[in-house]
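Data block for start-v5.cif (mmCIF, C-alpha atoms and all ligand atoms):
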data_input
#
loop_
_atom_site.group_PDB
_atom_site.id
_atom_site.type_symbol
_atom_site.label_atom_id
_atom_site.label_comp_id
_atom_site.auth_asym_id
_atom_site.auth_seq_id
_atom_site.Cartn_x
_atom_site.Cartn_y
_atom_site.Cartn_z
ATOM 1 C CA MET A 1 17.887 5.088 17.709
ATOM 2 C CA SER A 2 16.127 2.797 15.221
ATOM 3 C CA LYS A 3 13.007 4.092 13.541
ATOM 4 C CA THR A 4 9.729 2.168 13.478
ATOM 5 C CA ALA A 5 7.480 1.682 10.457
ATOM 6 C CA ILE A 6 3.998 0.234 10.117
ATOM 7 C CA ILE A 7 3.484 -1.438 6.746
ATOM 8 C CA THR A 8 -0.027 -2.606 5.849
ATOM 9 C CA GLY A 9 -0.472 -5.480 3.412
ATOM 10 C CA ALA A 10 2.972 -6.933 4.065
ATOM 11 C CA THR A 11 2.037 -10.540 3.245
ATOM 12 C CA ALA A 12 2.713 -10.164 -0.486
ATOM 13 C CA GLY A 13 3.899 -7.975 -3.328
ATOM 14 C CA ILE A 14 4.807 -4.355 -2.703
ATOM 15 C CA GLY A 15 4.194 -4.456 1.065
ATOM 16 C CA GLU A 16 6.441 -7.468 1.549
ATOM 17 C CA ALA A 17 9.158 -5.845 -0.598
ATOM 18 C CA VAL A 18 8.913 -2.625 1.449
ATOM 19 C CA ALA A 19 9.305 -4.678 4.648
ATOM 20 C CA ILE A 20 12.514 -6.219 3.276
ATOM 21 C CA GLU A 21 13.829 -2.834 2.097
ATOM 22 C CA PHE A 22 13.065 -1.135 5.427
ATOM 23 C CA ALA A 23 14.582 -4.021 7.416
ATOM 24 C CA ASN A 24 17.719 -3.572 5.341
ATOM 25 C CA LEU A 25 17.690 0.117 6.361
ATOM 26 C CA GLY A 26 17.476 -0.909 10.047
ATOM 27 C CA TYR A 27 13.837 -0.005 10.724
ATOM 28 C CA ASN A 28 11.927 -1.944 13.360
ATOM 29 C CA LEU A 29 8.775 -3.168 11.715
ATOM 30 C CA ILE A 30 5.095 -3.547 12.515
ATOM 31 C CA LEU A 31 3.604 -5.643 9.734
ATOM 32 C CA THR A 32 -0.059 -6.282 8.970
ATOM 33 C CA GLY A 33 -2.163 -8.380 6.604
ATOM 34 C CA ARG A 34 -4.758 -11.119 6.935
ATOM 35 C CA ARG A 35 -2.554 -14.162 6.206
ATOM 36 C CA LYS A 36 -0.920 -14.910 9.536
ATOM 37 C CA GLU A 37 1.377 -17.726 8.303
ATOM 38 C CA ARG A 38 2.933 -15.411 5.715
ATOM 39 C CA LEU A 39 3.515 -12.756 8.369
ATOM 40 C CA GLU A 40 5.126 -15.343 10.664
ATOM 41 C CA LYS A 41 7.460 -16.540 7.894
ATOM 42 C CA LEU A 42 8.458 -12.990 6.956
ATOM 43 C CA LYS A 43 9.078 -12.077 10.599
ATOM 44 C CA SER A 44 11.493 -14.977 11.129
ATOM 45 C CA GLU A 45 13.327 -14.296 7.867
ATOM 46 C CA LEU A 46 13.747 -10.569 8.563
ATOM 47 C CA GLU A 47 14.742 -10.926 12.219
ATOM 48 C CA LEU A 48 17.333 -13.539 11.309
ATOM 49 C CA LYS A 49 18.835 -11.667 8.368
ATOM 50 C CA TYR A 50 18.673 -8.034 9.515
ATOM 51 C CA SER A 51 18.606 -8.135 13.338
ATOM 52 C CA VAL A 52 15.611 -5.813 13.539
ATOM 53 C CA SER A 53 12.520 -6.286 15.663
ATOM 54 C CA VAL A 54 9.399 -7.298 13.754
ATOM 55 C CA SER A 55 5.935 -7.486 15.253
ATOM 56 C CA ILE A 56 3.118 -9.005 13.230
ATOM 57 C CA HIS A 57 -0.618 -8.397 13.434
ATOM 58 C CA ALA A 58 -3.108 -10.382 11.396
ATOM 59 C CA PHE A 59 -6.406 -8.572 10.887
ATOM 60 C CA ASP A 60 -8.762 -7.371 8.179
ATOM 61 C CA ILE A 61 -8.217 -3.670 7.528
ATOM 62 C CA ARG A 62 -11.874 -3.356 6.445
ATOM 63 C CA GLN A 63 -12.978 -3.991 10.029
ATOM 64 C CA LYS A 64 -12.840 -0.685 11.923
ATOM 65 C CA ALA A 65 -12.935 -2.405 15.333
ATOM 66 C CA GLU A 66 -9.960 -4.608 14.380
ATOM 67 C CA VAL A 67 -7.954 -1.608 13.177
ATOM 68 C CA GLU A 68 -8.735 0.292 16.373
ATOM 69 C CA HIS A 69 -7.810 -2.721 18.521
ATOM 70 C CA PHE A 70 -4.489 -3.046 16.668
ATOM 71 C CA CYS A 71 -3.649 0.637 17.082
ATOM 72 C CA ARG A 72 -4.915 1.111 20.629
ATOM 73 C CA ASN A 73 -4.126 -2.233 22.275
ATOM 74 C CA GLU A 74 -1.516 -4.117 20.270
ATOM 75 C CA ILE A 75 1.276 -1.687 19.434
ATOM 76 C CA GLY A 76 1.473 0.286 22.667
ATOM 77 C CA ASP A 77 2.423 3.941 22.666
ATOM 78 C CA GLN A 78 5.705 3.599 20.798
ATOM 79 C CA THR A 79 6.661 6.294 18.298
ATOM 80 C CA ILE A 80 5.602 5.483 14.753
ATOM 81 C CA ASP A 81 8.002 7.163 12.342
ATOM 82 C CA VAL A 82 6.514 5.900 9.092
ATOM 83 C CA LEU A 83 3.091 4.564 8.111
ATOM 84 C CA VAL A 84 3.014 2.857 4.720
ATOM 85 C CA ASN A 85 -0.626 2.532 3.663
ATOM 86 C CA ASN A 86 -0.194 -0.218 1.101
ATOM 87 C CA ALA A 87 -2.943 -2.815 1.718
ATOM 88 C CA GLY A 88 -5.271 -2.763 -1.250
ATOM 89 C CA LEU A 89 -6.723 -4.618 -4.167
ATOM 90 C CA ALA A 90 -8.632 -4.561 -7.396
ATOM 91 C CA SER A 91 -11.539 -6.965 -7.638
ATOM 92 C CA GLY A 92 -13.012 -7.499 -11.087
ATOM 93 C CA LEU A 93 -12.570 -5.666 -14.386
ATOM 94 C CA SER A 94 -15.872 -4.973 -16.087
ATOM 95 C CA PRO A 95 -18.069 -2.108 -17.203
ATOM 96 C CA LEU A 96 -19.895 -0.519 -14.309
ATOM 97 C CA HIS A 97 -23.286 -1.519 -15.694
ATOM 98 C CA GLU A 98 -22.195 -5.173 -15.451
ATOM 99 C CA GLY A 99 -20.191 -4.778 -12.242
ATOM 100 C CA ASP A 100 -20.456 -6.877 -9.094
ATOM 101 C CA VAL A 101 -21.487 -4.845 -6.062
ATOM 102 C CA ASP A 102 -19.533 -7.194 -3.752
ATOM 103 C CA ASP A 103 -16.363 -6.399 -5.720
ATOM 104 C CA TRP A 104 -17.047 -2.671 -5.361
ATOM 105 C CA GLU A 105 -17.553 -2.974 -1.625
ATOM 106 C CA LYS A 106 -14.322 -4.939 -1.203
ATOM 107 C CA MET A 107 -12.339 -2.245 -3.033
ATOM 108 C CA ILE A 108 -13.971 0.734 -1.355
ATOM 109 C CA ASP A 109 -13.779 -0.846 2.102
ATOM 110 C CA THR A 110 -10.114 -1.832 1.723
ATOM 111 C CA ASN A 111 -8.520 0.854 -0.430
ATOM 112 C CA VAL A 112 -10.376 3.846 0.994
ATOM 113 C CA LYS A 113 -12.036 3.057 4.310
ATOM 114 C CA GLY A 114 -9.259 0.767 5.604
ATOM 115 C CA LEU A 115 -6.644 3.390 4.765
ATOM 116 C CA LEU A 116 -8.728 6.030 6.526
ATOM 117 C CA TYR A 117 -9.308 3.905 9.660
ATOM 118 C CA ILE A 118 -5.615 3.318 10.278
ATOM 119 C CA THR A 119 -4.576 6.852 9.342
ATOM 120 C CA ARG A 120 -7.168 8.253 11.756
ATOM 121 C CA GLU A 121 -5.518 6.253 14.552
ATOM 122 C CA ILE A 122 -1.851 6.820 13.694
ATOM 123 C CA ALA A 123 -1.810 10.421 12.403
ATOM 124 C CA PRO A 124 -2.750 11.943 15.816
ATOM 125 C CA ARG A 125 0.255 10.179 17.369
ATOM 126 C CA MET A 126 2.477 11.758 14.716
ATOM 127 C CA VAL A 127 0.877 15.160 15.315
ATOM 128 C CA ALA A 128 1.570 14.830 19.059
ATOM 129 C CA ALA A 129 5.179 13.828 18.320
ATOM 130 C CA LYS A 130 5.491 16.651 15.726
ATOM 131 C CA SER A 131 7.132 14.103 13.468
ATOM 132 C CA GLY A 132 6.234 11.310 11.086
ATOM 133 C CA HIS A 133 5.774 10.273 7.486
ATOM 134 C CA ILE A 134 2.637 8.851 5.881
ATOM 135 C CA ILE A 135 3.259 7.085 2.581
ATOM 136 C CA ASN A 136 0.143 6.130 0.638
ATOM 137 C CA VAL A 137 0.324 3.604 -2.182
ATOM 138 C CA GLY A 138 -1.952 5.042 -4.837
ATOM 139 C CA SER A 139 -1.770 4.137 -8.509
ATOM 140 C CA ILE A 140 -1.685 5.492 -12.025
ATOM 141 C CA ALA A 141 -5.383 4.552 -11.686
ATOM 142 C CA GLY A 142 -5.596 7.452 -9.234
ATOM 143 C CA ILE A 143 -4.521 9.857 -11.971
ATOM 144 C CA GLU A 144 -6.125 8.338 -15.068
ATOM 145 C CA VAL A 145 -9.293 6.317 -15.590
ATOM 146 C CA TYR A 146 -9.317 3.317 -17.929
ATOM 147 C CA PRO A 147 -12.299 1.405 -19.324
ATOM 148 C CA ASN A 148 -13.594 -1.283 -16.936
ATOM 149 C CA GLY A 149 -11.446 0.094 -14.099
ATOM 150 C CA ASN A 150 -14.265 2.352 -12.875
ATOM 151 C CA VAL A 151 -14.549 1.612 -9.140
ATOM 152 C CA TYR A 152 -10.889 0.625 -8.667
ATOM 153 C CA CYS A 153 -9.899 3.922 -10.361
ATOM 154 C CA ALA A 154 -12.345 5.772 -8.111
ATOM 155 C CA THR A 155 -10.731 4.278 -4.988
ATOM 156 C CA LYS A 156 -7.238 5.246 -6.151
ATOM 157 C CA HIS A 157 -8.439 8.765 -7.071
ATOM 158 C CA ALA A 158 -9.700 8.864 -3.481
ATOM 159 C CA VAL A 159 -6.277 7.793 -2.188
ATOM 160 C CA HIS A 160 -4.699 10.587 -4.234
ATOM 161 C CA ALA A 161 -7.182 13.130 -2.849
ATOM 162 C CA ILE A 162 -6.631 11.892 0.704
ATOM 163 C CA SER A 163 -2.855 12.229 0.269
ATOM 164 C CA GLU A 164 -3.271 15.767 -1.072
ATOM 165 C CA GLY A 165 -5.605 16.686 1.779
ATOM 166 C CA LEU A 166 -3.367 15.159 4.428
ATOM 167 C CA ARG A 167 -0.354 17.038 3.113
ATOM 168 C CA ARG A 168 -2.185 20.357 3.294
ATOM 169 C CA GLU A 169 -3.260 19.572 6.865
ATOM 170 C CA LEU A 170 -0.023 18.112 8.197
ATOM 171 C CA PHE A 171 2.872 19.900 6.426
ATOM 172 C CA ASP A 172 3.116 22.480 9.241
ATOM 173 C CA LYS A 173 2.970 19.830 11.970
ATOM 174 C CA GLY A 174 6.292 18.163 11.172
ATOM 175 C CA ILE A 175 4.700 15.388 9.132
ATOM 176 C CA LYS A 176 5.521 14.435 5.555
ATOM 177 C CA VAL A 177 2.927 12.898 3.244
ATOM 178 C CA THR A 178 3.879 11.014 0.099
ATOM 179 C CA ASN A 179 1.658 9.531 -2.600
ATOM 180 C CA ILE A 180 3.313 6.810 -4.678
ATOM 181 C CA ALA A 181 1.502 5.983 -7.919
ATOM 182 C CA PRO A 182 2.802 2.848 -9.631
ATOM 183 C CA GLY A 183 1.884 1.626 -13.099
ATOM 184 C CA LEU A 184 1.945 -2.105 -13.878
ATOM 185 C CA VAL A 185 3.721 -4.081 -11.147
ATOM 186 C CA GLU A 186 3.788 -7.883 -11.384
ATOM 187 C CA THR A 187 2.567 -9.129 -7.995
ATOM 188 C CA GLU A 188 -0.487 -11.116 -6.891
ATOM 189 C CA PHE A 189 -2.529 -8.024 -7.807
ATOM 190 C CA SER A 190 -3.973 -9.387 -11.081
ATOM 191 C CA ILE A 191 -4.577 -12.871 -9.627
ATOM 192 C CA VAL A 192 -6.693 -11.170 -6.952
ATOM 193 C CA ARG A 193 -8.365 -8.903 -9.529
ATOM 194 C CA PHE A 194 -9.363 -11.951 -11.616
ATOM 195 C CA HIS A 195 -10.551 -13.904 -8.561
ATOM 196 C CA GLY A 196 -7.745 -16.475 -8.635
ATOM 197 C CA ASP A 197 -7.503 -16.995 -12.426
ATOM 198 C CA GLU A 198 -3.699 -17.206 -12.717
ATOM 199 C CA ASN A 199 -3.689 -17.705 -16.495
ATOM 200 C CA ARG A 200 -5.720 -14.559 -17.104
ATOM 201 C CA ALA A 201 -3.504 -12.687 -14.647
ATOM 202 C CA LYS A 202 -0.381 -13.663 -16.621
ATOM 203 C CA THR A 203 -1.774 -12.063 -19.792
ATOM 204 C CA VAL A 204 -1.649 -8.631 -18.123
ATOM 205 C CA TYR A 205 2.157 -8.754 -18.095
ATOM 206 C CA GLN A 206 2.722 -10.698 -21.318
ATOM 207 C CA GLY A 207 5.253 -9.317 -23.807
ATOM 208 C CA MET A 208 6.382 -6.529 -21.504
ATOM 209 C CA GLU A 209 8.777 -5.979 -18.627
ATOM 210 C CA ALA A 210 6.524 -4.927 -15.758
ATOM 211 C CA LEU A 211 7.819 -3.262 -12.613
ATOM 212 C CA THR A 212 8.708 -5.550 -9.725
ATOM 213 C CA ALA A 213 7.531 -5.049 -6.158
ATOM 214 C CA LYS A 214 11.146 -4.221 -5.317
ATOM 215 C CA ASP A 215 11.188 -1.369 -7.867
ATOM 216 C CA ILE A 216 8.356 0.285 -5.923
ATOM 217 C CA ALA A 217 9.900 -0.580 -2.551
ATOM 218 C CA ASP A 218 13.076 1.222 -3.724
ATOM 219 C CA CYS A 219 11.005 4.348 -4.454
ATOM 220 C CA ILE A 220 9.264 4.171 -1.081
ATOM 221 C CA ALA A 221 12.607 3.732 0.669
ATOM 222 C CA PHE A 222 13.963 6.718 -1.284
ATOM 223 C CA ALA A 223 11.047 8.878 -0.128
ATOM 224 C CA ALA A 224 11.427 7.683 3.467
ATOM 225 C CA THR A 225 15.141 8.399 3.627
ATOM 226 C CA ARG A 226 15.253 11.974 2.300
ATOM 227 C CA PRO A 227 16.616 14.619 4.666
ATOM 228 C CA LYS A 228 14.173 16.350 7.037
ATOM 229 C CA HIS A 229 13.677 19.338 4.707
ATOM 230 C CA VAL A 230 12.762 17.215 1.649
ATOM 231 C CA ASN A 231 9.287 15.766 1.099
ATOM 232 C CA VAL A 232 8.699 13.629 -1.971
ATOM 233 C CA ALA A 233 5.046 14.634 -2.285
ATOM 234 C CA ASP A 234 4.003 12.637 -5.328
ATOM 235 C CA MET A 235 5.691 10.009 -7.454
ATOM 236 C CA LEU A 236 4.347 8.352 -10.634
ATOM 237 C CA VAL A 237 6.458 5.290 -11.454
ATOM 238 C CA LEU A 238 5.880 3.356 -14.666
ATOM 239 C CA PRO A 239 7.586 0.520 -16.496
ATOM 240 C CA SER A 240 9.611 2.088 -19.337
ATOM 241 C CA CYS A 241 7.324 0.358 -21.857
ATOM 242 C CA GLN A 242 4.165 1.918 -20.357
ATOM 243 C CA GLY A 243 3.093 5.314 -21.743
ATOM 244 C CA SER A 244 -0.169 5.740 -19.855
ATOM 245 C CA ALA A 245 -2.739 3.589 -18.062
ATOM 246 C CA THR A 246 -3.894 2.210 -21.422
ATOM 247 C CA GLN A 247 -0.692 2.248 -23.496
ATOM 248 C CA VAL A 248 1.844 -0.567 -23.227
ATOM 249 C CA ASP A 249 4.463 -1.337 -25.866
ATOM 250 C CA ARG A 250 4.339 -5.151 -25.992
ATOM 251 C CA GLN A 251 6.851 -7.197 -27.983
HETATM 252 P P1 LIG A 301 -0.771 -8.035 -3.715
HETATM 253 O O1 LIG A 301 -2.080 -8.685 -3.987
HETATM 254 O O2 LIG A 301 0.468 -8.792 -4.040
HETATM 255 O O3 LIG A 301 -0.708 -7.550 -2.186
HETATM 256 C C1 LIG A 301 -1.809 -6.916 -1.575
HETATM 257 C C2 LIG A 301 -1.600 -6.812 -0.079
HETATM 258 O O4 LIG A 301 -2.733 -6.146 0.497
HETATM 259 C C3 LIG A 301 -1.507 -8.180 0.584
HETATM 260 O O5 LIG A 301 -0.508 -8.155 1.564
HETATM 261 C C4 LIG A 301 -2.874 -8.354 1.228
HETATM 262 O O6 LIG A 301 -2.774 -9.132 2.424
HETATM 263 C C5 LIG A 301 -3.228 -6.911 1.594
HETATM 264 N N1 LIG A 301 -4.663 -6.784 1.772
HETATM 265 C C6 LIG A 301 -5.632 -6.869 0.818
HETATM 266 N N2 LIG A 301 -6.852 -6.811 1.370
HETATM 267 C C7 LIG A 301 -6.652 -6.679 2.727
HETATM 268 C C8 LIG A 301 -7.521 -6.585 3.843
HETATM 269 N N3 LIG A 301 -8.860 -6.599 3.701
HETATM 270 N N4 LIG A 301 -6.969 -6.470 5.075
HETATM 271 C C9 LIG A 301 -5.634 -6.456 5.235
HETATM 272 N N5 LIG A 301 -4.758 -6.532 4.218
HETATM 273 C C10 LIG A 301 -5.270 -6.661 2.976
HETATM 274 O O7 LIG A 301 -0.815 -6.654 -4.536
HETATM 275 P P2 LIG A 301 0.237 -5.432 -4.656
HETATM 276 O O8 LIG A 301 1.414 -5.655 -3.811
HETATM 277 O O9 LIG A 301 0.429 -5.187 -6.098
HETATM 278 O O10 LIG A 301 -0.664 -4.257 -4.091
HETATM 279 C C11 LIG A 301 -0.260 -3.408 -3.034
HETATM 280 C C12 LIG A 301 -0.842 -2.022 -3.273
HETATM 281 O O11 LIG A 301 -0.298 -1.505 -4.479
HETATM 282 C C13 LIG A 301 -2.360 -1.997 -3.448
HETATM 283 O O12 LIG A 301 -2.871 -0.868 -2.768
HETATM 284 C C14 LIG A 301 -2.538 -1.831 -4.962
HETATM 285 O O13 LIG A 301 -3.742 -1.187 -5.283
HETATM 286 C C15 LIG A 301 -1.338 -0.964 -5.271
HETATM 287 N N6 LIG A 301 -0.907 -0.953 -6.657
HETATM 288 C C16 LIG A 301 -0.571 -2.122 -7.309
HETATM 289 C C17 LIG A 301 -0.165 -2.071 -8.616
HETATM 290 C C18 LIG A 301 0.140 -3.308 -9.391
HETATM 291 O O14 LIG A 301 0.171 -3.234 -10.639
HETATM 292 N N7 LIG A 301 0.414 -4.427 -8.782
HETATM 293 C C19 LIG A 301 -0.029 -0.795 -9.313
HETATM 294 C C20 LIG A 301 -0.429 0.353 -8.550
HETATM 295 C C21 LIG A 301 -0.809 0.260 -7.263
HETATM 296 P P3 LIG A 301 -3.761 -10.321 2.831
HETATM 297 O O15 LIG A 301 -4.387 -10.865 1.577
HETATM 298 O O16 LIG A 301 -2.875 -11.305 3.533
HETATM 299 O O17 LIG A 301 -4.733 -9.678 3.746
HETATM 300 C C1 LIG A 302 -2.732 -1.070 -10.528
HETATM 301 C C2 LIG A 302 -2.266 -0.688 -11.878
HETATM 302 O O1 LIG A 302 -3.045 -0.137 -14.235
HETATM 303 O O2 LIG A 302 -4.018 -2.082 -13.171
HETATM 304 O O3 LIG A 302 -3.110 0.040 -9.775
HETATM 305 O O4 LIG A 302 -4.637 0.105 -12.471
HETATM 306 S S1 LIG A 302 -3.565 -0.709 -12.976
#

Write out the structure in this file as structure tokens.
Amino acid sequence: MSKTAIITGATAGIGEAVAIEFANLGYNLILTGRRKERLEKLKSELELKYSVSVSIHAFDIRQKAEVEHFCRNEIGDQTIDVLVNNAGLASGLSPLHEGDVDDWEKMIDTNVKGLLYITREIAPRMVAAKSGHIINVGSIAGIEVYPNGNVYCATKHAVHAISEGLRRELFDKGIKVTNIAPGLVETEFSIVRFHGDENRAKTVYQGMEALTAKDIADCIAFAATRPKHVNVADMLVLPSCQGSATQVDRQ
């Protein structure tokens, strides 16, 4: 029987690439994000190409009531085999003493609270089924802190801690927990971080070969397809030219 995966933040970047990768593996998909038109386009492309079923749900993961409505009323009681907690963002890059509180709230509400809201709803279903896999998209920023990354790094450290905690709580209940920590991946991430400034966003990846969203989707698919007795607990994935959060060999 086909497995079913929920992928949050599937309208762009890593989430969209994971949706494509999982469709190719034959998963039925439940895709979320705020931009409904993008979800609609992806659904028709995937259903046509891979003959899987794709349901789409446009909502803001920061809104607890919307997350609860999605989990309790929109997806029914079907078995969820995999939850990919990918929706997230950086907003701004400045020293904390010059930071914008609205940016901080966006990051904390999305990267930490949104992830918690949906996990709180889906994890009990996995516990009841004694089976499931939660894959959290963290970051190298959840392992290291870099100047001006302050609150974004704090949210990704929180994701790392939540993954570690979940694994300790769920390993004996038939549930795998994986934390994937990418380095620089060229997606819409930096455009969002710089509030739509595409030229500034390009400079982040200049003179280097960044990871692609597909590179990370490959890693997530690898983790999701290991045999029952293998849990990929933690994975740091960097471009070959990146030595640490602050070291990039640019040509
Ligand atoms: P993108 O900006 O390309 O994609 C982000 C996704 O998150 C979009 O689908 C967006 O959907 C969704 N999202 C953001 N805010 C919300 C919200 N409030 N409600 C619902 N969905 C939301 O970036 P990436 O693909 O690069 O980022 C995906 C994840 O990977 C993030 O958690 C990011 O922190 C992490 N990451 C990225 C790295 C990089 O270098 N790119 C490196 C390490 C980790 P929509 O706007 O339609 O709501
Ligand atoms: C995104 C990668 O290095 O900008 O998490 O924090 S980085």

Report the centre and edge lengths, in Å to one decimal, of an axis-aligned box enclosing every atom of range 194-207 of chain A listed in the file, padded by 4 Å on each side, as AutoDock Vina command-line options.
--center_x -2.6 --center_y -13.2 --center_z -16.2 --size_x 23.8 --size_y 17.1 --size_z 23.2

### Task
I would like the residues chosen by the PyMOL selection byres (((chain A and resi 230-238) around 7) and not hetatm) on the shown file; could you give them as number ranges by chain?
A: 140, 176-184, 223, 226-229, 239-240, 242

### Task
Find the residues near Ala65 in chain A: any atom within 12 Å, counting all atoms listed in the file, skip ones fewer than 6 places away on the same chain, and give them as a ChimeraX atom specification.
/A:59,71-73,114,117-118,121

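Nearest residue to Asn136 in chain A among A:Leu93, A:Val248, A:Ile220, A:Val52 is A:Ile220, counting only C-alpha atoms.
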
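Residue nearest Gly76 in chain A within the list A:Arg34, A:Arg125, A:Arg120, A:His97: A:Arg125 [criterion: smallest interatomic distance, all atoms listed in the file].
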
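Taking all atoms listed in the file into account, ligand LIG 302 (chain A) lies nearest to A:Val145 out of the set A:Ile191, A:Ile56, A:Val145, A:Ile6.
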